[in-house]
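Enquirer: work.txt is the file, holding compact mmCIF, N, CA and C atoms:
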# COMPACT_ATOMS: atom_id res chain seq x y z
N MET A 1 11.98 -36.33 29.53
CA MET A 1 12.35 -36.81 28.21
C MET A 1 13.40 -35.86 27.63
N ASP A 2 14.50 -36.41 27.16
CA ASP A 2 15.55 -35.61 26.52
C ASP A 2 15.25 -35.55 25.02
N MET A 3 14.63 -34.44 24.61
CA MET A 3 14.22 -34.32 23.21
C MET A 3 15.36 -34.01 22.27
N SER A 4 16.46 -33.47 22.79
CA SER A 4 17.54 -33.03 21.91
C SER A 4 18.21 -34.18 21.17
N SER A 5 18.19 -35.37 21.73
CA SER A 5 18.88 -36.49 21.09
C SER A 5 17.93 -37.46 20.39
N ARG A 6 16.63 -37.18 20.44
CA ARG A 6 15.65 -38.07 19.84
C ARG A 6 15.47 -37.75 18.36
N GLU A 7 15.17 -38.77 17.58
CA GLU A 7 14.88 -38.58 16.16
C GLU A 7 13.55 -39.22 15.83
N ILE A 8 12.82 -38.58 14.96
CA ILE A 8 11.54 -39.08 14.50
C ILE A 8 11.61 -39.21 12.99
N ARG A 9 11.14 -40.33 12.47
CA ARG A 9 11.13 -40.53 11.01
C ARG A 9 9.76 -40.17 10.47
N MET A 10 9.79 -39.51 9.29
CA MET A 10 8.55 -39.14 8.63
C MET A 10 8.71 -39.42 7.14
N PRO A 11 7.62 -39.76 6.46
CA PRO A 11 7.72 -40.01 5.02
C PRO A 11 8.21 -38.75 4.30
N LEU A 12 9.18 -38.93 3.41
CA LEU A 12 9.79 -37.80 2.70
C LEU A 12 8.75 -37.00 1.94
N SER A 13 7.79 -37.67 1.32
CA SER A 13 6.78 -36.94 0.54
C SER A 13 5.98 -35.99 1.42
N GLU A 14 5.70 -36.41 2.66
CA GLU A 14 4.95 -35.55 3.57
C GLU A 14 5.81 -34.39 4.07
N VAL A 15 7.08 -34.66 4.33
CA VAL A 15 7.99 -33.60 4.76
C VAL A 15 8.12 -32.55 3.66
N VAL A 16 8.28 -33.00 2.41
CA VAL A 16 8.43 -32.08 1.29
C VAL A 16 7.16 -31.23 1.12
N ALA A 17 5.99 -31.84 1.24
CA ALA A 17 4.73 -31.10 1.11
C ALA A 17 4.62 -30.02 2.19
N VAL A 18 4.99 -30.37 3.42
CA VAL A 18 4.94 -29.41 4.52
C VAL A 18 5.95 -28.29 4.27
N LEU A 19 7.16 -28.64 3.84
CA LEU A 19 8.17 -27.62 3.58
C LEU A 19 7.75 -26.68 2.46
N GLN A 20 7.10 -27.22 1.43
CA GLN A 20 6.61 -26.36 0.34
C GLN A 20 5.60 -25.35 0.87
N ASP A 21 4.64 -25.83 1.68
CA ASP A 21 3.65 -24.92 2.25
C ASP A 21 4.32 -23.87 3.13
N LEU A 22 5.22 -24.29 4.01
CA LEU A 22 5.88 -23.35 4.90
C LEU A 22 6.70 -22.33 4.12
N ASN A 23 7.39 -22.77 3.08
CA ASN A 23 8.17 -21.85 2.26
C ASN A 23 7.26 -20.81 1.59
N GLU A 24 6.12 -21.26 1.05
CA GLU A 24 5.17 -20.33 0.45
C GLU A 24 4.70 -19.30 1.47
N PHE A 25 4.40 -19.74 2.69
CA PHE A 25 3.92 -18.82 3.71
C PHE A 25 5.00 -17.82 4.10
N VAL A 26 6.22 -18.29 4.33
CA VAL A 26 7.30 -17.41 4.77
C VAL A 26 7.60 -16.36 3.70
N VAL A 27 7.75 -16.79 2.46
CA VAL A 27 8.06 -15.85 1.37
C VAL A 27 6.90 -14.88 1.18
N SER A 28 5.67 -15.40 1.15
CA SER A 28 4.51 -14.54 0.92
C SER A 28 4.33 -13.53 2.06
N LEU A 29 4.48 -13.98 3.30
CA LEU A 29 4.32 -13.07 4.43
C LEU A 29 5.42 -12.02 4.45
N ASP A 30 6.63 -12.41 4.05
CA ASP A 30 7.71 -11.43 3.94
C ASP A 30 7.36 -10.38 2.89
N ARG A 31 6.86 -10.82 1.75
CA ARG A 31 6.47 -9.87 0.70
C ARG A 31 5.32 -8.98 1.16
N LEU A 32 4.35 -9.57 1.88
CA LEU A 32 3.25 -8.77 2.41
C LEU A 32 3.77 -7.73 3.41
N GLY A 33 4.73 -8.13 4.23
CA GLY A 33 5.33 -7.18 5.19
C GLY A 33 6.01 -6.03 4.48
N SER A 34 6.71 -6.34 3.39
CA SER A 34 7.36 -5.29 2.62
C SER A 34 6.33 -4.36 1.99
N ARG A 35 5.23 -4.94 1.50
CA ARG A 35 4.17 -4.13 0.91
C ARG A 35 3.50 -3.26 1.97
N GLN A 36 3.31 -3.82 3.17
CA GLN A 36 2.72 -3.02 4.25
C GLN A 36 3.64 -1.84 4.59
N ALA A 37 4.95 -2.11 4.65
CA ALA A 37 5.91 -1.07 4.98
C ALA A 37 5.90 0.05 3.94
N SER A 38 5.66 -0.31 2.68
CA SER A 38 5.64 0.70 1.62
C SER A 38 4.26 1.32 1.43
N GLY A 39 3.26 0.83 2.17
CA GLY A 39 1.93 1.39 2.10
C GLY A 39 1.05 0.83 1.00
N THR A 40 1.48 -0.26 0.36
CA THR A 40 0.67 -0.84 -0.72
C THR A 40 -0.13 -2.06 -0.28
N ALA A 41 -0.12 -2.35 1.01
CA ALA A 41 -0.93 -3.44 1.56
C ALA A 41 -1.32 -3.06 2.98
N ASP A 42 -2.41 -3.64 3.45
CA ASP A 42 -2.86 -3.39 4.82
C ASP A 42 -3.32 -4.69 5.45
N GLU A 43 -3.94 -4.61 6.63
CA GLU A 43 -4.39 -5.80 7.33
C GLU A 43 -5.40 -6.60 6.50
N TYR A 44 -6.20 -5.91 5.73
CA TYR A 44 -7.16 -6.58 4.86
C TYR A 44 -6.44 -7.48 3.85
N THR A 45 -5.34 -6.98 3.30
CA THR A 45 -4.57 -7.76 2.33
C THR A 45 -4.03 -9.03 2.98
N VAL A 46 -3.54 -8.92 4.20
CA VAL A 46 -3.02 -10.09 4.91
C VAL A 46 -4.15 -11.07 5.18
N GLY A 47 -5.30 -10.57 5.59
CA GLY A 47 -6.46 -11.43 5.82
C GLY A 47 -6.90 -12.16 4.57
N ARG A 48 -6.88 -11.47 3.44
CA ARG A 48 -7.23 -12.10 2.16
C ARG A 48 -6.24 -13.20 1.82
N PHE A 49 -4.94 -12.95 2.05
CA PHE A 49 -3.93 -13.98 1.80
C PHE A 49 -4.22 -15.22 2.65
N ILE A 50 -4.49 -15.02 3.93
CA ILE A 50 -4.72 -16.14 4.84
C ILE A 50 -5.93 -16.95 4.38
N ALA A 51 -6.97 -16.27 3.95
CA ALA A 51 -8.18 -16.97 3.49
C ALA A 51 -7.97 -17.61 2.12
N ASP A 52 -7.45 -16.83 1.17
CA ASP A 52 -7.32 -17.32 -0.21
C ASP A 52 -6.33 -18.47 -0.33
N TRP A 53 -5.28 -18.47 0.48
CA TRP A 53 -4.25 -19.51 0.39
C TRP A 53 -4.52 -20.66 1.35
N ASP A 54 -5.66 -20.62 2.03
CA ASP A 54 -6.08 -21.72 2.91
C ASP A 54 -5.02 -22.02 3.97
N VAL A 55 -4.47 -20.95 4.53
CA VAL A 55 -3.34 -21.07 5.45
C VAL A 55 -3.68 -21.93 6.67
N ALA A 56 -4.84 -21.72 7.27
CA ALA A 56 -5.19 -22.47 8.49
C ALA A 56 -5.24 -23.97 8.21
N ARG A 57 -5.87 -24.37 7.11
CA ARG A 57 -5.97 -25.80 6.79
C ARG A 57 -4.60 -26.40 6.51
N LYS A 58 -3.76 -25.67 5.78
CA LYS A 58 -2.42 -26.20 5.45
C LYS A 58 -1.54 -26.30 6.69
N LEU A 59 -1.64 -25.34 7.59
CA LEU A 59 -0.88 -25.43 8.84
C LEU A 59 -1.39 -26.56 9.71
N ALA A 60 -2.71 -26.77 9.72
CA ALA A 60 -3.28 -27.89 10.47
C ALA A 60 -2.78 -29.21 9.90
N ARG A 61 -2.66 -29.30 8.57
CA ARG A 61 -2.13 -30.51 7.94
C ARG A 61 -0.68 -30.75 8.38
N ALA A 62 0.12 -29.69 8.41
CA ALA A 62 1.52 -29.82 8.84
C ALA A 62 1.59 -30.33 10.28
N ARG A 63 0.74 -29.76 11.13
CA ARG A 63 0.71 -30.20 12.53
C ARG A 63 0.30 -31.67 12.63
N ARG A 64 -0.68 -32.07 11.79
CA ARG A 64 -1.15 -33.46 11.80
C ARG A 64 -0.05 -34.42 11.34
N VAL A 65 0.69 -34.07 10.29
CA VAL A 65 1.78 -34.92 9.79
C VAL A 65 2.80 -35.18 10.90
N ILE A 66 3.17 -34.12 11.60
CA ILE A 66 4.15 -34.27 12.69
C ILE A 66 3.55 -35.04 13.86
N SER A 67 2.31 -34.76 14.20
CA SER A 67 1.66 -35.45 15.32
C SER A 67 1.52 -36.95 15.07
N VAL A 68 1.17 -37.33 13.84
CA VAL A 68 1.03 -38.75 13.51
C VAL A 68 2.38 -39.46 13.69
N ALA A 69 3.45 -38.81 13.23
CA ALA A 69 4.78 -39.42 13.39
C ALA A 69 5.15 -39.56 14.87
N LEU A 70 4.86 -38.54 15.65
CA LEU A 70 5.16 -38.60 17.08
C LEU A 70 4.34 -39.68 17.77
N ASP A 71 3.05 -39.72 17.47
CA ASP A 71 2.17 -40.72 18.09
C ASP A 71 2.64 -42.14 17.79
N ALA A 72 3.11 -42.36 16.57
CA ALA A 72 3.50 -43.70 16.15
C ALA A 72 4.84 -44.13 16.74
N GLN A 73 5.69 -43.17 17.07
CA GLN A 73 7.06 -43.51 17.43
C GLN A 73 7.46 -43.22 18.87
N LEU A 74 6.61 -42.51 19.59
CA LEU A 74 6.93 -42.19 20.98
C LEU A 74 5.91 -42.83 21.92
N SER A 75 6.29 -42.92 23.17
CA SER A 75 5.38 -43.48 24.18
C SER A 75 4.24 -42.50 24.46
N GLU A 76 3.20 -43.03 25.08
CA GLU A 76 2.08 -42.18 25.47
C GLU A 76 2.54 -41.07 26.41
N GLU A 77 3.45 -41.42 27.32
CA GLU A 77 3.96 -40.43 28.28
C GLU A 77 4.72 -39.32 27.57
N ASP A 78 5.58 -39.70 26.60
CA ASP A 78 6.33 -38.70 25.84
C ASP A 78 5.38 -37.79 25.07
N ASN A 79 4.38 -38.39 24.43
CA ASN A 79 3.43 -37.58 23.67
C ASN A 79 2.62 -36.66 24.57
N ALA A 80 2.27 -37.12 25.77
CA ALA A 80 1.55 -36.27 26.71
C ALA A 80 2.42 -35.08 27.13
N GLU A 81 3.73 -35.32 27.31
CA GLU A 81 4.64 -34.24 27.66
C GLU A 81 4.74 -33.22 26.53
N ILE A 82 4.81 -33.70 25.30
CA ILE A 82 4.86 -32.80 24.14
C ILE A 82 3.57 -32.01 24.03
N ASP A 83 2.42 -32.68 24.22
CA ASP A 83 1.13 -31.98 24.18
C ASP A 83 1.08 -30.87 25.23
N ALA A 84 1.59 -31.17 26.43
CA ALA A 84 1.59 -30.17 27.50
C ALA A 84 2.47 -28.97 27.12
N LEU A 85 3.62 -29.24 26.50
CA LEU A 85 4.50 -28.15 26.05
C LEU A 85 3.80 -27.30 24.98
N CYS A 86 3.11 -27.94 24.06
CA CYS A 86 2.39 -27.21 23.00
C CYS A 86 1.26 -26.37 23.58
N ASP A 87 0.62 -26.87 24.63
CA ASP A 87 -0.47 -26.12 25.26
C ASP A 87 0.02 -24.84 25.94
N GLN A 88 1.33 -24.74 26.17
CA GLN A 88 1.91 -23.55 26.81
C GLN A 88 2.22 -22.45 25.80
N GLY A 89 1.91 -22.67 24.52
CA GLY A 89 2.22 -21.70 23.48
C GLY A 89 1.45 -20.41 23.66
N ARG A 90 1.85 -19.42 22.87
CA ARG A 90 1.14 -18.14 22.84
C ARG A 90 0.06 -18.24 21.76
N PHE A 91 -1.17 -17.93 22.13
CA PHE A 91 -2.28 -18.04 21.21
C PHE A 91 -2.95 -16.69 21.05
N TYR A 92 -3.12 -16.27 19.81
CA TYR A 92 -3.77 -15.00 19.51
C TYR A 92 -5.19 -15.02 20.06
N GLY A 93 -5.59 -13.91 20.66
CA GLY A 93 -6.94 -13.81 21.19
C GLY A 93 -7.06 -14.20 22.65
N THR A 94 -5.95 -14.61 23.27
CA THR A 94 -5.99 -14.90 24.71
C THR A 94 -5.28 -13.77 25.44
N HIS A 95 -5.61 -13.60 26.71
CA HIS A 95 -5.05 -12.49 27.48
C HIS A 95 -3.54 -12.58 27.65
N SER A 96 -2.97 -13.80 27.53
CA SER A 96 -1.53 -13.94 27.73
C SER A 96 -0.73 -13.66 26.46
N ALA A 97 -1.40 -13.63 25.31
CA ALA A 97 -0.70 -13.38 24.06
C ALA A 97 -0.48 -11.88 23.88
N ILE A 98 0.62 -11.54 23.25
CA ILE A 98 0.90 -10.14 22.96
C ILE A 98 0.08 -9.74 21.75
N SER A 99 -0.65 -8.66 21.87
CA SER A 99 -1.46 -8.21 20.74
C SER A 99 -0.55 -7.50 19.74
N PRO A 100 -0.88 -7.57 18.45
CA PRO A 100 -0.05 -6.93 17.44
C PRO A 100 0.18 -5.44 17.70
N SER A 101 -0.81 -4.76 18.23
CA SER A 101 -0.67 -3.33 18.44
C SER A 101 0.30 -2.99 19.59
N SER A 102 0.51 -3.92 20.52
CA SER A 102 1.40 -3.64 21.63
C SER A 102 2.78 -4.26 21.44
N ASP A 103 2.97 -5.00 20.36
CA ASP A 103 4.27 -5.63 20.10
C ASP A 103 5.12 -4.66 19.28
N GLN A 104 6.08 -4.04 19.93
CA GLN A 104 6.93 -3.06 19.27
C GLN A 104 8.27 -3.64 18.81
N SER A 105 8.45 -4.95 18.94
CA SER A 105 9.75 -5.55 18.65
C SER A 105 9.98 -5.78 17.16
N SER A 106 8.94 -5.75 16.35
CA SER A 106 9.14 -6.04 14.93
C SER A 106 9.38 -4.81 14.11
Here is the file; what I need is its structure written in the form of structure tokens.

Expert:
Amino acid sequence: MDMSSREIRMPLSEVVAVLQDLNEFVVSLDRLGSRQASGTADEYTVGRFIADWDVARKLARARRVISVALDAQLSEEDNAEIDALCDQGRFYGTHSAISPSSDQSS
């Protein structure tokens, strides 16, 4: 499947809601990173942000919005290929993922 030329339509209201959530996460995580660098925040602060802002649920909603659009507009074979690509991601807590303590690139 040539994904570079394919387009998927999604309801604008859902796209805007996802973008709002993603923008909040990016800006907030950037601010938390700055606070960590200055010593005014630690891992506990980041954990509180993730819990208090319901990050996991909001990211799951974003994934669901995109998945529903893909399921409705692509063939079963195309969706299976996309699912297989997603399964190849890096997941925290697995042996293949880079642990934060060993990642020196940031």

Enquirer: Quick one, how far is atom CA of Ser5 of chain A from atom CA of Arg90 of chain A?

Expert: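 Separation of atom CA of Ser5 of chain A and atom CA of Arg90 of chain A: 25.6 Å.
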
Enquirer: With 4 Å on each side, where is the centre of the axis-aligned box around all listed atoms of segment 11-15 of chain A, and how long are its edges in Å to one decimal, as lines of an AutoDock Vina configuration file?

Expert:
center_x = 7.4
center_y = -36.3
center_z = 3.5
size_x = 12.8
size_y = 15.5
size_z = 13.9

Enquirer: Using only C-alpha atoms, which protein or nucleic acid residues come within 12 Å of Asp2 of chain A? Drop anything in the same chain fewer than 4 positions from it, and give the result as a tab-separated table (two decimals) with N, CA and C atoms, in the coordinates of the input.

Expert:
chain	number	residue	atom	x	y	z
A	6	ARG	N	16.63	-37.18	20.44
A	6	ARG	CA	15.65	-38.07	19.84
A	6	ARG	C	15.47	-37.75	18.36
A	7	GLU	N	15.17	-38.77	17.58
A	7	GLU	CA	14.88	-38.58	16.16
A	7	GLU	C	13.55	-39.22	15.83
A	78	ASP	N	5.58	-39.70	26.60
A	78	ASP	CA	6.33	-38.70	25.84
A	78	ASP	C	5.38	-37.79	25.07
A	81	GLU	N	3.73	-35.32	27.31
A	81	GLU	CA	4.64	-34.24	27.66
A	81	GLU	C	4.74	-33.22	26.53
A	82	ILE	N	4.81	-33.70	25.30
A	82	ILE	CA	4.86	-32.80	24.14
A	82	ILE	C	3.57	-32.01	24.03

Enquirer: So which residues fall inside 6.5 Å of (4.8, -32.2, 6.0) if we count all atoms listed in the file? Mind giving them as a PDB file with N, CA and C atoms, keeping the file's coordinate frame?

Expert:
ATOM      1  N   SER A  13       7.790 -37.670   1.320  1.00  0.00           N
ATOM      2  CA  SER A  13       6.780 -36.940   0.540  1.00  0.00           C
ATOM      3  C   SER A  13       5.980 -35.990   1.420  1.00  0.00           C
ATOM      4  N   GLU A  14       5.700 -36.410   2.660  1.00  0.00           N
ATOM      5  CA  GLU A  14       4.950 -35.550   3.570  1.00  0.00           C
ATOM      6  C   GLU A  14       5.810 -34.390   4.070  1.00  0.00           C
ATOM      7  N   VAL A  15       7.080 -34.660   4.330  1.00  0.00           N
ATOM      8  CA  VAL A  15       7.990 -33.600   4.760  1.00  0.00           C
ATOM      9  C   VAL A  15       8.120 -32.550   3.660  1.00  0.00           C
ATOM     10  N   VAL A  16       8.280 -33.000   2.410  1.00  0.00           N
ATOM     11  CA  VAL A  16       8.430 -32.080   1.290  1.00  0.00           C
ATOM     12  C   VAL A  16       7.160 -31.230   1.120  1.00  0.00           C
ATOM     13  N   ALA A  17       5.990 -31.840   1.240  1.00  0.00           N
ATOM     14  CA  ALA A  17       4.730 -31.100   1.110  1.00  0.00           C
ATOM     15  C   ALA A  17       4.620 -30.020   2.190  1.00  0.00           C
ATOM     16  N   VAL A  18       4.990 -30.370   3.420  1.00  0.00           N
ATOM     17  CA  VAL A  18       4.940 -29.410   4.520  1.00  0.00           C
ATOM     18  C   VAL A  18       5.950 -28.290   4.270  1.00  0.00           C
ATOM     19  N   LEU A  19       7.160 -28.640   3.840  1.00  0.00           N
ATOM     20  CA  LEU A  19       8.170 -27.620   3.580  1.00  0.00           C
ATOM     21  C   LEU A  19       7.750 -26.680   2.460  1.00  0.00           C
ATOM     22  N   ARG A  61      -2.660 -29.300   8.570  1.00  0.00           N
ATOM     23  CA  ARG A  61      -2.130 -30.510   7.940  1.00  0.00           C
ATOM     24  C   ARG A  61      -0.680 -30.750   8.380  1.00  0.00           C
ATOM     25  N   ALA A  62       0.120 -29.690   8.410  1.00  0.00           N
ATOM     26  CA  ALA A  62       1.520 -29.820   8.840  1.00  0.00           C
ATOM     27  C   ALA A  62       1.590 -30.330  10.280  1.00  0.00           C
ATOM     28  N   VAL A  65       0.690 -34.070  10.290  1.00  0.00           N
ATOM     29  CA  VAL A  65       1.780 -34.920   9.790  1.00  0.00           C
ATOM     30  C   VAL A  65       2.800 -35.180  10.900  1.00  0.00           C
ATOM     31  N   ILE A  66       3.170 -34.120  11.600  1.00  0.00           N
ATOM     32  CA  ILE A  66       4.150 -34.270  12.690  1.00  0.00           C
ATOM     33  C   ILE A  66       3.550 -35.040  13.860  1.00  0.00           C
TER      34      ILE A  66
END

Enquirer: Counting only N, CA and C atoms, which residue out of A:Ala51, A:Ala56, A:Val46, A:Val68 sits closest to Leu32 of chain A?

Expert: A:Val46

Enquirer: One number please: atom C of Asp21 of chain A to atom CA of Arg63 of chain A, in Å, one decimal.

Expert: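 Separating atom C of Asp21 of chain A from atom CA of Arg63 of chain A is a distance of 11.9 Å.
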
Enquirer: Kindly indicate which residue among A:Asn23, A:Gln88, A:Thr40, A:Ser34 lies nearest to Lys58 of chain A, using only C-alpha atoms for the distances.

Expert: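 Checking each candidate against Lys58 of chain A, we get A:Asn23 as the closest.
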
Enquirer: Just the number, please: distance in Å from atom CA of Met10 of chain A to atom CA of Asp83 of chain A, one decimal.

Expert: 18.7 Å

Enquirer: Restricting the calculation to only C-alpha atoms: of A:Gln73, A:Cys86, A:Ser67, A:Leu29, which residue gets closest to Ala41 of chain A?

Expert: A:Leu29

Enquirer: So which bits of chain A end up alpha helix (DSSP H) when you DSSP the backbone, as a short mmCIF file (atom, residue, chain, number, x, y, z; two decimals) with N, CA and C atoms, in the frame of the given file?

Expert:
data_model
loop_
_atom_site.label_atom_id
_atom_site.label_comp_id
_atom_site.auth_asym_id
_atom_site.auth_seq_id
_atom_site.Cartn_x
_atom_site.Cartn_y
_atom_site.Cartn_z
N LEU A 12 9.18 -38.93 3.41
CA LEU A 12 9.79 -37.80 2.70
C LEU A 12 8.75 -37.00 1.94
N SER A 13 7.79 -37.67 1.32
CA SER A 13 6.78 -36.94 0.54
C SER A 13 5.98 -35.99 1.42
N GLU A 14 5.70 -36.41 2.66
CA GLU A 14 4.95 -35.55 3.57
C GLU A 14 5.81 -34.39 4.07
N VAL A 15 7.08 -34.66 4.33
CA VAL A 15 7.99 -33.60 4.76
C VAL A 15 8.12 -32.55 3.66
N VAL A 16 8.28 -33.00 2.41
CA VAL A 16 8.43 -32.08 1.29
C VAL A 16 7.16 -31.23 1.12
N ALA A 17 5.99 -31.84 1.24
CA ALA A 17 4.73 -31.10 1.11
C ALA A 17 4.62 -30.02 2.19
N VAL A 18 4.99 -30.37 3.42
CA VAL A 18 4.94 -29.41 4.52
C VAL A 18 5.95 -28.29 4.27
N LEU A 19 7.16 -28.64 3.84
CA LEU A 19 8.17 -27.62 3.58
C LEU A 19 7.75 -26.68 2.46
N GLN A 20 7.10 -27.22 1.43
CA GLN A 20 6.61 -26.36 0.34
C GLN A 20 5.60 -25.35 0.87
N ASP A 21 4.64 -25.83 1.68
CA ASP A 21 3.65 -24.92 2.25
C ASP A 21 4.32 -23.87 3.13
N LEU A 22 5.22 -24.29 4.01
CA LEU A 22 5.88 -23.35 4.90
C LEU A 22 6.70 -22.33 4.12
N ASN A 23 7.39 -22.77 3.08
CA ASN A 23 8.17 -21.85 2.26
C ASN A 23 7.26 -20.81 1.59
N GLU A 24 6.12 -21.26 1.05
CA GLU A 24 5.17 -20.33 0.45
C GLU A 24 4.70 -19.30 1.47
N PHE A 25 4.40 -19.74 2.69
CA PHE A 25 3.92 -18.82 3.71
C PHE A 25 5.00 -17.82 4.10
N VAL A 26 6.22 -18.29 4.33
CA VAL A 26 7.30 -17.41 4.77
C VAL A 26 7.60 -16.36 3.70
N VAL A 27 7.75 -16.79 2.46
CA VAL A 27 8.06 -15.85 1.37
C VAL A 27 6.90 -14.88 1.18
N SER A 28 5.67 -15.40 1.15
CA SER A 28 4.51 -14.54 0.92
C SER A 28 4.33 -13.53 2.06
N LEU A 29 4.48 -13.98 3.30
CA LEU A 29 4.32 -13.07 4.43
C LEU A 29 5.42 -12.02 4.45
N ASP A 30 6.63 -12.41 4.05
CA ASP A 30 7.71 -11.43 3.94
C ASP A 30 7.36 -10.38 2.89
N ARG A 31 6.86 -10.82 1.75
CA ARG A 31 6.47 -9.87 0.70
C ARG A 31 5.32 -8.98 1.16
N LEU A 32 4.35 -9.57 1.88
CA LEU A 32 3.25 -8.77 2.41
C LEU A 32 3.77 -7.73 3.41
N GLY A 33 4.73 -8.13 4.23
CA GLY A 33 5.33 -7.18 5.19
C GLY A 33 6.01 -6.03 4.48
N SER A 34 6.71 -6.34 3.39
CA SER A 34 7.36 -5.29 2.62
C SER A 34 6.33 -4.36 1.99
N ARG A 35 5.23 -4.94 1.50
CA ARG A 35 4.17 -4.13 0.91
C ARG A 35 3.50 -3.26 1.97
N GLN A 36 3.31 -3.82 3.17
CA GLN A 36 2.72 -3.02 4.25
C GLN A 36 3.64 -1.84 4.59
N ALA A 37 4.95 -2.11 4.65
CA ALA A 37 5.91 -1.07 4.98
C ALA A 37 5.90 0.05 3.94
N SER A 38 5.66 -0.31 2.68
CA SER A 38 5.64 0.70 1.62
C SER A 38 4.26 1.32 1.43
N GLU A 43 -3.94 -4.61 6.63
CA GLU A 43 -4.39 -5.80 7.33
C GLU A 43 -5.40 -6.60 6.50
N TYR A 44 -6.20 -5.91 5.73
CA TYR A 44 -7.16 -6.58 4.86
C TYR A 44 -6.44 -7.48 3.85
N THR A 45 -5.34 -6.98 3.30
CA THR A 45 -4.57 -7.76 2.33
C THR A 45 -4.03 -9.03 2.98
N VAL A 46 -3.54 -8.92 4.20
CA VAL A 46 -3.02 -10.09 4.91
C VAL A 46 -4.15 -11.07 5.18
N GLY A 47 -5.30 -10.57 5.59
CA GLY A 47 -6.46 -11.43 5.82
C GLY A 47 -6.90 -12.16 4.57
N ARG A 48 -6.88 -11.47 3.44
CA ARG A 48 -7.23 -12.10 2.16
C ARG A 48 -6.24 -13.20 1.82
N PHE A 49 -4.94 -12.95 2.05
CA PHE A 49 -3.93 -13.98 1.80
C PHE A 49 -4.22 -15.22 2.65
N ILE A 50 -4.49 -15.02 3.93
CA ILE A 50 -4.72 -16.14 4.84
C ILE A 50 -5.93 -16.95 4.38
N ALA A 51 -6.97 -16.27 3.95
CA ALA A 51 -8.18 -16.97 3.49
C ALA A 51 -7.97 -17.61 2.12
N ASP A 52 -7.45 -16.83 1.17
CA ASP A 52 -7.32 -17.32 -0.21
C ASP A 52 -6.33 -18.47 -0.33
N VAL A 55 -4.47 -20.95 4.53
CA VAL A 55 -3.34 -21.07 5.45
C VAL A 55 -3.68 -21.93 6.67
N ALA A 56 -4.84 -21.72 7.27
CA ALA A 56 -5.19 -22.47 8.49
C ALA A 56 -5.24 -23.97 8.21
N ARG A 57 -5.87 -24.37 7.11
CA ARG A 57 -5.97 -25.80 6.79
C ARG A 57 -4.60 -26.40 6.51
N LYS A 58 -3.76 -25.67 5.78
CA LYS A 58 -2.42 -26.20 5.45
C LYS A 58 -1.54 -26.30 6.69
N LEU A 59 -1.64 -25.34 7.59
CA LEU A 59 -0.88 -25.43 8.84
C LEU A 59 -1.39 -26.56 9.71
N ALA A 60 -2.71 -26.77 9.72
CA ALA A 60 -3.28 -27.89 10.47
C ALA A 60 -2.78 -29.21 9.90
N ARG A 61 -2.66 -29.30 8.57
CA ARG A 61 -2.13 -30.51 7.94
C ARG A 61 -0.68 -30.75 8.38
N ALA A 62 0.12 -29.69 8.41
CA ALA A 62 1.52 -29.82 8.84
C ALA A 62 1.59 -30.33 10.28
N ARG A 63 0.74 -29.76 11.13
CA ARG A 63 0.71 -30.20 12.53
C ARG A 63 0.30 -31.67 12.63
N ARG A 64 -0.68 -32.07 11.79
CA ARG A 64 -1.15 -33.46 11.80
C ARG A 64 -0.05 -34.42 11.34
N VAL A 65 0.69 -34.07 10.29
CA VAL A 65 1.78 -34.92 9.79
C VAL A 65 2.80 -35.18 10.90
N ILE A 66 3.17 -34.12 11.60
CA ILE A 66 4.15 -34.27 12.69
C ILE A 66 3.55 -35.04 13.86
N SER A 67 2.31 -34.76 14.20
CA SER A 67 1.66 -35.45 15.32
C SER A 67 1.52 -36.95 15.07
N VAL A 68 1.17 -37.33 13.84
CA VAL A 68 1.03 -38.75 13.51
C VAL A 68 2.38 -39.46 13.69
N ALA A 69 3.45 -38.81 13.23
CA ALA A 69 4.78 -39.42 13.39
C ALA A 69 5.15 -39.56 14.87
N LEU A 70 4.86 -38.54 15.65
CA LEU A 70 5.16 -38.60 17.08
C LEU A 70 4.34 -39.68 17.77
N ASP A 71 3.05 -39.72 17.47
CA ASP A 71 2.17 -40.72 18.09
C ASP A 71 2.64 -42.14 17.79
N ALA A 72 3.11 -42.36 16.57
CA ALA A 72 3.50 -43.70 16.15
C ALA A 72 4.84 -44.13 16.74
N GLN A 73 5.69 -43.17 17.07
CA GLN A 73 7.06 -43.51 17.43
C GLN A 73 7.46 -43.22 18.87
N GLU A 76 3.20 -43.03 25.08
CA GLU A 76 2.08 -42.18 25.47
C GLU A 76 2.54 -41.07 26.41
N GLU A 77 3.45 -41.42 27.32
CA GLU A 77 3.96 -40.43 28.28
C GLU A 77 4.72 -39.32 27.57
N ASP A 78 5.58 -39.70 26.60
CA ASP A 78 6.33 -38.70 25.84
C ASP A 78 5.38 -37.79 25.07
N ASN A 79 4.38 -38.39 24.43
CA ASN A 79 3.43 -37.58 23.67
C ASN A 79 2.62 -36.66 24.57
N ALA A 80 2.27 -37.12 25.77
CA ALA A 80 1.55 -36.27 26.71
C ALA A 80 2.42 -35.08 27.13
N GLU A 81 3.73 -35.32 27.31
CA GLU A 81 4.64 -34.24 27.66
C GLU A 81 4.74 -33.22 26.53
N ILE A 82 4.81 -33.70 25.30
CA ILE A 82 4.86 -32.80 24.14
C ILE A 82 3.57 -32.01 24.03
N ASP A 83 2.42 -32.68 24.22
CA ASP A 83 1.13 -31.98 24.18
C ASP A 83 1.08 -30.87 25.23
N ALA A 84 1.59 -31.17 26.43
CA ALA A 84 1.59 -30.17 27.50
C ALA A 84 2.47 -28.97 27.12
N LEU A 85 3.62 -29.24 26.50
CA LEU A 85 4.50 -28.15 26.05
C LEU A 85 3.80 -27.30 24.98
N CYS A 86 3.11 -27.94 24.06
CA CYS A 86 2.39 -27.21 23.00
C CYS A 86 1.26 -26.37 23.58
N ASP A 87 0.62 -26.87 24.63
CA ASP A 87 -0.47 -26.12 25.26
C ASP A 87 0.02 -24.84 25.94
#

Enquirer: Write out as JSON, numbers by chain each polymer residue whose atoms come within 8 Å of Ile8 of chain A, counting only N, CA and C atoms; drop sequence neighbours fewer than 4 positions from it.

Expert: {"A": [69, 70, 73, 74]}

Enquirer: Provide segment 90-95 of chain A of the preceding structure as a file containing C-alpha atoms, as a JSON list (two decimals), in the first residue's frame.

Expert:
[["chain", "number", "residue", "atom", "x", "y", "z"],
["A", 90, "ARG", "CA", 8.61, 1.14, 20.68],
["A", 91, "PHE", "CA", 6.71, 0.48, 23.88],
["A", 92, "TYR", "CA", 7.86, 1.51, 27.33],
["A", 93, "GLY", "CA", 8.42, -1.45, 29.62],
["A", 94, "THR", "CA", 9.47, -3.89, 26.90],
["A", 95, "HIS", "CA", 13.04, -5.11, 26.43]]
